[in-house]
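Participant: The structure follows.
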Amino acid sequence: MNFKNLREYLSWLYYQYLLITGIYVLEPWEKSIFNSILFSAIAMVIYTSYVFVPIHVRLALEFFSKIFGGQPESTMALMN
Amino acid sequence: ATSGCRTGVASRQPRQESFEQAPMYVAVMTYLGFGIVTLFGYLRDFLRAVGLEKCHLAQEREEQKDFVPLYQDFENFYTRNLYMRVRDNWNRPICSLPGPVFDLMERVSDDYNWTFRLTGGTIHNAINMGSYNYLGFAENNADFLKTVADKTRQYGVGVGSTRQEIGNLGIHEELEQLVANFLRVESSMTFGMGFATNSMNIPALVGKGCLILSDELNHTSLILGARLSGALIRVFKHNNMHSLEKMLREAISSGQPRTHRPWKKILIMVEGIYSMEGSLVRLPEIVALKKKYKAYLYLDEAHSIGAVGPTGRGVTELFNVNPSDVDVMMGTFTKSFGAAGGYIAGKKELVDYLRSHSHSAVYATAMSPPVTEQIIRAMKCIMGKDGSTEGIRRIHKLAENTRYFRARLKEMGFIIYGNDDSPVVPILLYMPGKVVAFAREMLERKIGVVVVGFPATPITEARARFCLSAAHTKAMLNQVLHHMNEVGDHLCLKFSRLKYSSCPNLHDEKDFELGS
C-alpha cells in the first residue's frame with residue numbers, strides 16, 4: 001500500500017484501530033465515549049509511570065548493586 | 001484435454017482439505033471486539049430501559065412487565081444490539097436477474113439502520129459472487145428459455161392441487177424419469193421445495209426406535225426433519241470417521257437407551273458439500289462403514305449435484321462410488337439448475353413408499369410447470385441430450401474457475417476453508433468490524449458478496465462466502481481478485497501463514513507446504 005503522506009498513514013492506523021476493537025460498528029457518540037475513556041486511561045498510565053518509574057528504577061539499581069557490589073569486598077577480606 | 005486428466009486424478013485421490021487456524025492474536029482481537037460491542041449493548045439496553053432512548057423493536061406492554069420477560073434472551077440481545085447496527089449488509093434488494101452480474105437498488109438509512117429508504121438509484125452491473133448459480137442456468141436468454149415459455153403456454157403457471165390428488169402432470173413424470181436416468185438409479189420423486197424435501201421426508205423414513213447419526217455441520221432442514229421424526233439423534237464430529245465408527249459400534253452393542261433392544265434402523269445423514277465450510281464428504285469411507293455395520297445412508301447433495309464430478313453427477317461420480325450404495329440420494333434443483341425444488345432418488349420400493357407416505361407428496365402443491373421445464377432443459381443440457389456440448393463446457397468452466405479462484409486467493413494469503421474441488425469458497429474474516437467493513441468496501445467496488453456471522457457460524461469464525469459460477473468469465477474473476485487484493489491489504493485480512501509457490505501456468509500441481 002502506498003501512503004502519500006503521514007496523515008494518510010495515521011488515518012489508516014486509526015481505521016485499523018476502529019476495526020480491531022469493533023468500534024467501527026458503533027454510533028459516533030459511542031465512539032467518542034470509548035475513545036475518551038481509553039485516552040484518559042492511557043494518560044493516567046503515562047502520568048503514573050512518569051512520576052514513579054524513575055524512583056523505582058533507582059531503588060532497584062541500588063538493591064542489586066548492594067548484592068554484587070558487596071561481593072568483591074568480602075573476597076578481598078578473605079584473601080587478606 | 002488437460003482438464004479431463006485432472007478430473008481423473010481427482011476421482012482417485014480427493015484433494016487436500018485445509019482448515020487452517022488463524023494466529024492467536026486474531027482470536028484475541030475477535031473476542032475483544034465482541035466484548036466491547038456487548039458492553040455498549042448493555043449500555044444501550046440500560047438507556048432504553050430508563051427511557052432516555054426510544055426502543056425501535058418489540059417491547060412488552062406495561063401490564064406485562066411483571067410477567068416472564070420475553071425479549072431478554074441472548075438471541076434478542078444480539079439482534080437488538082449487534083445485528084441491527086450493521087444490517088445494511090444483508091437483505092439488499094436486487095432488481096435484475098441474479099446472473100453473473102446483477103443490479104442492486106441503492107438504499108440509505110437515516111437512523112443507523114433501523115429504517116431504510118430507497119433513493120431510487122441503481123448500482124448497475126455489480127459482479128455477483130453470492131448467488132447459487134454454479135452452472136450459470138440463471139439466465140434470461142430467450143432462445144434457451146423457449147421450451148419453458150411453450151410449457152407455460154400449455155400448462156399455465158399454477159397447478160392447483162397436490163401430486164396425490166389431481167396435480168400429477170405428465171411433465172412431472174418426465175422429470176422424475178430424467179432425474180433417475182441422470183443419477184443412474186432406479187427411480188426418483190420430485191418436490192416443490194428443497195427445504196421441505198428434507199424436513200418432510202425424513203419423518204417418513206425413520207421414526208421412534210430408530211437412530212440418526214448426523215454430521216455436526218448439517219443443514220437446518222436435515223436437523224428439522226430429524227427432530228420431527230422422533231428418532232434419537234446423535235451427532236458425530238464433522239467428517240470424522242473415527243467418531244462415526246465409535247458411535248456406530250456403541251449404538252449396535254448397547255441398543256436403544258433404556259430397553260437395550262436392537263435399533264430398528266440406523267441412518268447416517270451427511271451432505272455432499274457443506275456450504276459453510278466448502279468441505280466434501282468422505283464418501284468411500286462412509287460407504288465402507290455403512291456396509292460393515294449395516295446402516296443406511298442419506299446423502300444430501302444440495303450443493304454438489306451438477307457442480308462436482310467429471311460430468312456433473314455429484315459426489316458419487318467424483319469418488320467413483322456406485323450410486324446404488326447410497327440408500328437415499330437427495331438433492332435440490334435450486335443451486336445448479338436455476339430452478340426451485342428438490343428430489344429424492346433411490347430404489348423403486350423406497351420412492352413408491354414415499355409417494356404415499358411423505359407429507360410433502362401428500363399435502364404440498366405440485367411443482368409449477370415452468371419450473372419443471374427449466375429443470376428438464378437444464379438437465380438435458382448437462383447430459384448432452386439436447387445435442388450440444390454446452391453442458392460439458394459449463395461443467396469444465398466451473399471446475400476451471402474453481403481451481404483458478406482458490407489457487408489465486410491462497411497465493412494472496414487469505415485463509416480459505418474446504419476442498420480444492422468445491423465451488424463454495426469461504427474466506428475467513430474473524431473480526432466483526434472487519435466483516436462489516438469488507439461487505440461495504442466490496443459493494444463500493446461493485447462486487448456483491450455474502451458475509452456470514454455469528455448464528456450461522458461459530459462466533460470466532462465469521463466469513464465471507466463466495467459461490468463461483470460457470471457464467472463468470474476470467475475477466476470478472478480477475479477483477480474480483482484484484483479488488484480482493486486491495487481490500488485485503490487495506491483491511492489487513494491476509495492471515496495465512498502457509499507458503500504457496502506461485503506458478504504462472506495454473507494447470508500444474510502446486511507445491512503444498514502444510515506445516516502448521
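The chains in the C-alpha cells are called A, B, ... from first to last as shown; in each chain the residues are counted from 1, and the ligands are counted from 1 in the order shown.
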Check every residue of chain B for an atom within 9 Å of chain A, counting only C-alpha atoms, and provide those that qualify as a list of chain:residue names.
Facilitator: B:Met29, B:Thr30, B:Leu32, B:Gly33, B:Phe34, B:Gly35, B:Ile36, B:Val37, B:Phe40, B:Leu82, B:Arg85, B:Val86, B:Tyr112, B:Met431, B:Pro432, B:Gly433, B:Lys434, B:Val436, B:Ala437, B:Glu486, B:Asp489, B:His490, B:Leu491, B:Cys492
Participant: I need the residues from that last selection saved to file as a PDB file, in the first residue's frame (with C-alpha atoms), if you can.
Facilitator:
```pdb
ATOM      1  CA  MET B  29      -8.957  -9.467  18.901  1.00  0.00           C
ATOM      2  CA  THR B  30     -12.217 -11.116  17.834  1.00  0.00           C
ATOM      3  CA  LEU B  32     -12.129  -8.174  22.318  1.00  0.00           C
ATOM      4  CA  GLY B  33     -14.264  -6.713  19.542  1.00  0.00           C
ATOM      5  CA  PHE B  34     -17.327  -8.711  20.574  1.00  0.00           C
ATOM      6  CA  GLY B  35     -16.728  -7.874  24.223  1.00  0.00           C
ATOM      7  CA  ILE B  36     -16.611  -4.137  23.633  1.00  0.00           C
ATOM      8  CA  VAL B  37     -19.704  -4.105  21.446  1.00  0.00           C
ATOM      9  CA  PHE B  40     -22.083  -0.952  24.621  1.00  0.00           C
ATOM     10  CA  LEU B  82     -25.262  -6.140  17.193  1.00  0.00           C
ATOM     11  CA  ARG B  85     -26.327  -1.770  13.800  1.00  0.00           C
ATOM     12  CA  VAL B  86     -24.921  -3.385  10.679  1.00  0.00           C
ATOM     13  CA  TYR B 112     -28.348   3.931  11.826  1.00  0.00           C
ATOM     14  CA  MET B 431     -13.460  -9.904  13.494  1.00  0.00           C
ATOM     15  CA  PRO B 432     -16.944  -8.394  13.483  1.00  0.00           C
ATOM     16  CA  GLY B 433     -15.715  -4.944  12.447  1.00  0.00           C
ATOM     17  CA  LYS B 434     -13.790  -6.347   9.500  1.00  0.00           C
ATOM     18  CA  VAL B 436     -18.903  -5.382   8.021  1.00  0.00           C
ATOM     19  CA  ALA B 437     -16.179  -3.221   6.525  1.00  0.00           C
ATOM     20  CA  GLU B 486      -6.664  -4.269  -2.423  1.00  0.00           C
ATOM     21  CA  ASP B 489      -4.310  -5.092   2.201  1.00  0.00           C
ATOM     22  CA  HIS B 490      -6.417  -2.136   3.256  1.00  0.00           C
ATOM     23  CA  LEU B 491      -8.229  -4.084   5.977  1.00  0.00           C
ATOM     24  CA  CYS B 492      -5.347  -6.456   6.890  1.00  0.00           C
TER      25      CYS B 492
END
```
Participant: Give me the residues near segment 53-62 of chain B as a ChimeraX atom specification, where near means some atom within 8 Å (using only C-alpha atoms) and where sequence neighbours in that chain fewer than 6 positions away do not count.
Facilitator: /B:44,47,69-71,80,114
Participant: Just N, CA, C and O atoms for this one: save the residues we selected as a compact mmCIF listing (two decimals), in the first residue's frame.
Facilitator:
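The resulting file, result.txt, is shown below:
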```txt
# COMPACT_ATOMS: atom_id res chain seq x y z
N ARG B 44 -26.76 0.55 25.96
CA ARG B 44 -27.94 0.99 25.21
C ARG B 44 -29.21 0.38 25.76
O ARG B 44 -30.26 1.04 25.81
N LEU B 47 -30.14 2.43 28.70
CA LEU B 47 -30.77 3.69 28.29
C LEU B 47 -32.20 3.48 27.83
O LEU B 47 -33.08 4.30 28.09
N PRO B 69 -39.98 -12.36 31.30
CA PRO B 69 -39.56 -11.48 30.20
C PRO B 69 -39.48 -12.23 28.88
O PRO B 69 -39.05 -13.38 28.82
N LEU B 70 -39.90 -11.55 27.82
CA LEU B 70 -39.93 -12.18 26.50
C LEU B 70 -38.68 -11.89 25.68
O LEU B 70 -38.30 -12.65 24.83
N TYR B 71 -38.08 -10.74 25.88
CA TYR B 71 -37.05 -10.28 24.96
C TYR B 71 -35.70 -10.14 25.63
O TYR B 71 -34.91 -9.29 25.25
N ARG B 80 -30.86 -6.99 18.75
CA ARG B 80 -31.06 -5.56 19.02
C ARG B 80 -29.77 -4.78 18.93
O ARG B 80 -29.73 -3.68 18.40
N TRP B 114 -32.05 1.41 11.48
CA TRP B 114 -33.35 0.96 12.00
C TRP B 114 -34.37 0.96 10.88
O TRP B 114 -35.22 0.07 10.79
```
Participant: At a cut-off of 12 Å, using only C-alpha atoms, what residues contact Lys291 of chain B? Leave out same-chain residues fewer than 3 positions from it and give the result as a ChimeraX atom specification.
Facilitator: /B:245,248,266,268,284-288,294-297,325-327
Participant: Quick check for you: according to DSSP on this backbone, which residues of segment 141-355 of chain B are classed as strand (DSSP E)? Reply as a PyMOL selection string.
Facilitator: chain B and resi 187-191+211-215+232-236+266-271+273-274+279-280+296-300+328-332+342-346
Participant: Using only C-alpha atoms, find the one residue out of B:Val315, B:Lys246, B:Gly448, B:Leu493 that sits nearest to Pro98 of chain B.
Facilitator: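 So, comparing all the options, the nearest one is B:Gly448.
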Participant: Measuring atom to atom with only C-alpha atoms, identify which of B:Ile305, B:Ala49, B:Ala456, B:Ala399 is nearest to Tyr343 of chain B.
Facilitator: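 Among the listed residues, B:Ile305 lies closest to Tyr343 of chain B.
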Participant: What's the 12 Å shell around Lys151 of chain B, counting only C-alpha atoms, without same-chain residues fewer than 4 positions away, as a PyMOL selection string?
Facilitator: chain B and resi 145-147+155-158+169-171+368-374+376-377
Participant: In Å, with one decimal, what is the gap from atom CA of Val179 of chain B to atom CA of Leu283 of chain B?
Facilitator: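 So the two atoms, atom CA of Val179 of chain B and atom CA of Leu283 of chain B, lie 21.0 Å apart.
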Participant: Please identify all polymer residues within 10 Å of segment 298-302 of chain B, counting only C-alpha atoms, omitting same-chain residues fewer than 5 positions from it, and present them as a PyMOL selection string.
Facilitator: chain B and resi 194-195+198+202+212+214+218-219+222+267-275+281+283+307+313-316+326-336+342-344
Participant: Let me see the file: selected residues, N, CA, C and O atoms, as a short mmCIF file (atom, residue, chain, number, x, y, z; two decimals), in the first residue's frame.
Facilitator:
```
data_model
loop_
_atom_site.label_atom_id
_atom_site.label_comp_id
_atom_site.auth_asym_id
_atom_site.auth_seq_id
_atom_site.Cartn_x
_atom_site.Cartn_y
_atom_site.Cartn_z
N GLY B 194 -37.00 -27.41 -1.78
CA GLY B 194 -35.85 -28.18 -1.33
C GLY B 194 -35.82 -28.39 0.17
O GLY B 194 -35.57 -29.49 0.66
N PHE B 195 -36.11 -27.34 0.94
CA PHE B 195 -36.11 -27.44 2.40
C PHE B 195 -37.17 -28.44 2.82
O PHE B 195 -36.95 -29.30 3.69
N ASN B 198 -36.28 -32.25 2.59
CA ASN B 198 -35.61 -32.84 3.74
C ASN B 198 -36.52 -32.95 4.94
O ASN B 198 -36.66 -34.00 5.56
N ILE B 202 -37.80 -37.07 5.85
CA ILE B 202 -37.09 -37.84 6.88
C ILE B 202 -38.07 -38.43 7.88
O ILE B 202 -37.91 -39.59 8.28
N ILE B 212 -30.47 -41.81 14.39
CA ILE B 212 -29.94 -40.98 13.31
C ILE B 212 -28.55 -40.50 13.72
O ILE B 212 -28.39 -39.92 14.79
N SER B 214 -25.92 -37.92 12.70
CA SER B 214 -25.91 -36.77 11.81
C SER B 214 -24.61 -36.00 11.98
O SER B 214 -24.07 -35.87 13.08
N ASN B 218 -24.52 -30.27 9.69
CA ASN B 218 -25.63 -30.47 8.77
C ASN B 218 -26.53 -29.26 8.70
O ASN B 218 -26.63 -28.47 9.64
N HIS B 219 -27.22 -29.15 7.59
CA HIS B 219 -28.12 -28.02 7.35
C HIS B 219 -29.36 -28.10 8.24
O HIS B 219 -29.75 -29.18 8.69
N LEU B 222 -32.11 -30.69 7.47
CA LEU B 222 -31.87 -32.06 7.92
C LEU B 222 -32.14 -32.19 9.41
O LEU B 222 -32.74 -33.17 9.87
N LEU B 267 -29.60 -44.57 10.59
CA LEU B 267 -29.48 -43.75 9.37
C LEU B 267 -28.33 -42.77 9.56
O LEU B 267 -28.31 -42.02 10.52
N ILE B 268 -27.38 -42.78 8.63
CA ILE B 268 -26.27 -41.82 8.68
C ILE B 268 -26.63 -40.68 7.73
O ILE B 268 -26.86 -40.92 6.55
N MET B 269 -26.67 -39.44 8.24
CA MET B 269 -27.05 -38.30 7.38
C MET B 269 -25.83 -37.43 7.13
O MET B 269 -25.25 -36.91 8.08
N VAL B 270 -25.48 -37.27 5.87
CA VAL B 270 -24.36 -36.40 5.53
C VAL B 270 -24.75 -35.56 4.33
O VAL B 270 -25.73 -35.84 3.65
N GLU B 271 -23.94 -34.53 4.07
CA GLU B 271 -24.17 -33.70 2.90
C GLU B 271 -23.02 -33.89 1.91
O GLU B 271 -21.91 -34.24 2.31
N GLY B 272 -23.26 -33.62 0.64
CA GLY B 272 -22.21 -33.72 -0.38
C GLY B 272 -21.17 -32.64 -0.20
O GLY B 272 -19.99 -32.89 0.02
N ILE B 273 -21.60 -31.39 -0.29
CA ILE B 273 -20.70 -30.26 0.02
C ILE B 273 -21.35 -29.49 1.16
O ILE B 273 -22.52 -29.16 1.08
N TYR B 274 -20.57 -29.20 2.20
CA TYR B 274 -21.10 -28.42 3.31
C TYR B 274 -20.92 -26.96 2.95
O TYR B 274 -19.81 -26.50 2.77
N SER B 275 -22.03 -26.22 2.87
CA SER B 275 -21.92 -24.91 2.23
C SER B 275 -21.19 -23.89 3.06
O SER B 275 -20.64 -22.95 2.52
N VAL B 281 -17.73 -34.47 1.52
CA VAL B 281 -17.95 -35.62 2.39
C VAL B 281 -16.95 -36.72 2.02
O VAL B 281 -16.49 -36.79 0.89
N LEU B 283 -16.97 -39.88 1.11
CA LEU B 283 -17.97 -40.89 0.73
C LEU B 283 -17.47 -42.33 0.73
O LEU B 283 -18.15 -43.20 1.26
N ALA B 307 -22.47 -29.70 -9.75
CA ALA B 307 -21.33 -28.82 -9.56
C ALA B 307 -20.00 -29.56 -9.44
O ALA B 307 -18.96 -28.98 -9.69
N ARG B 313 -22.40 -35.26 -12.08
CA ARG B 313 -23.37 -36.09 -11.37
C ARG B 313 -23.13 -36.15 -9.88
O ARG B 313 -23.66 -37.03 -9.21
N GLY B 314 -22.34 -35.27 -9.33
CA GLY B 314 -22.25 -35.17 -7.89
C GLY B 314 -21.12 -35.95 -7.26
O GLY B 314 -20.20 -36.42 -7.93
N VAL B 315 -21.17 -36.11 -5.95
CA VAL B 315 -20.06 -36.72 -5.23
C VAL B 315 -19.93 -38.21 -5.52
O VAL B 315 -18.83 -38.77 -5.40
N THR B 316 -20.99 -38.89 -5.90
CA THR B 316 -20.85 -40.32 -6.20
C THR B 316 -19.94 -40.51 -7.40
O THR B 316 -19.12 -41.42 -7.44
N VAL B 326 -25.63 -45.84 -2.10
CA VAL B 326 -26.24 -44.79 -1.27
C VAL B 326 -27.74 -45.08 -1.24
O VAL B 326 -28.38 -45.13 -2.28
N ASP B 327 -28.28 -45.27 -0.03
CA ASP B 327 -29.68 -45.70 0.04
C ASP B 327 -30.64 -44.61 -0.37
O ASP B 327 -31.57 -44.85 -1.13
N VAL B 328 -30.45 -43.41 0.17
CA VAL B 328 -31.35 -42.32 -0.18
C VAL B 328 -30.50 -41.17 -0.72
O VAL B 328 -29.72 -40.59 0.00
N MET B 329 -30.68 -40.85 -1.98
CA MET B 329 -29.97 -39.70 -2.54
C MET B 329 -30.94 -38.54 -2.62
O MET B 329 -31.99 -38.68 -3.25
N MET B 330 -30.58 -37.44 -2.00
CA MET B 330 -31.47 -36.29 -2.01
C MET B 330 -30.72 -35.13 -2.62
O MET B 330 -29.49 -35.07 -2.54
N GLY B 331 -31.41 -34.23 -3.27
CA GLY B 331 -30.73 -33.05 -3.80
C GLY B 331 -31.74 -31.96 -4.05
O GLY B 331 -32.94 -32.16 -3.90
N THR B 332 -31.23 -30.79 -4.43
CA THR B 332 -32.15 -29.70 -4.75
C THR B 332 -31.85 -29.20 -6.15
O THR B 332 -30.76 -29.37 -6.68
N PHE B 333 -32.84 -28.57 -6.73
CA PHE B 333 -32.69 -28.00 -8.07
C PHE B 333 -32.39 -26.51 -8.01
O PHE B 333 -32.34 -25.85 -9.03
N THR B 334 -32.27 -25.96 -6.81
CA THR B 334 -32.12 -24.52 -6.69
C THR B 334 -30.74 -24.06 -7.11
O THR B 334 -30.59 -22.99 -7.68
N LYS B 335 -29.72 -24.88 -6.80
CA LYS B 335 -28.36 -24.35 -6.94
C LYS B 335 -27.80 -24.50 -8.35
O LYS B 335 -27.47 -23.51 -8.98
N SER B 336 -27.72 -25.71 -8.84
CA SER B 336 -27.08 -25.86 -10.15
C SER B 336 -28.04 -25.78 -11.31
O SER B 336 -27.60 -25.69 -12.45
N GLY B 342 -36.79 -29.96 -4.95
CA GLY B 342 -35.85 -30.99 -4.53
C GLY B 342 -36.29 -32.34 -5.03
O GLY B 342 -37.39 -32.50 -5.57
N TYR B 343 -35.41 -33.33 -4.87
CA TYR B 343 -35.76 -34.67 -5.29
C TYR B 343 -35.23 -35.66 -4.27
O TYR B 343 -34.32 -35.35 -3.51
N ILE B 344 -35.84 -36.84 -4.28
CA ILE B 344 -35.29 -37.96 -3.52
C ILE B 344 -35.23 -39.12 -4.49
O ILE B 344 -36.20 -39.41 -5.20
#
```
Participant: Per DSSP on the backbone, filter segment 202-428 of chain B down to the residues in helix (DSSP H, G or I) and report them as a count of residues only.
Facilitator: 99
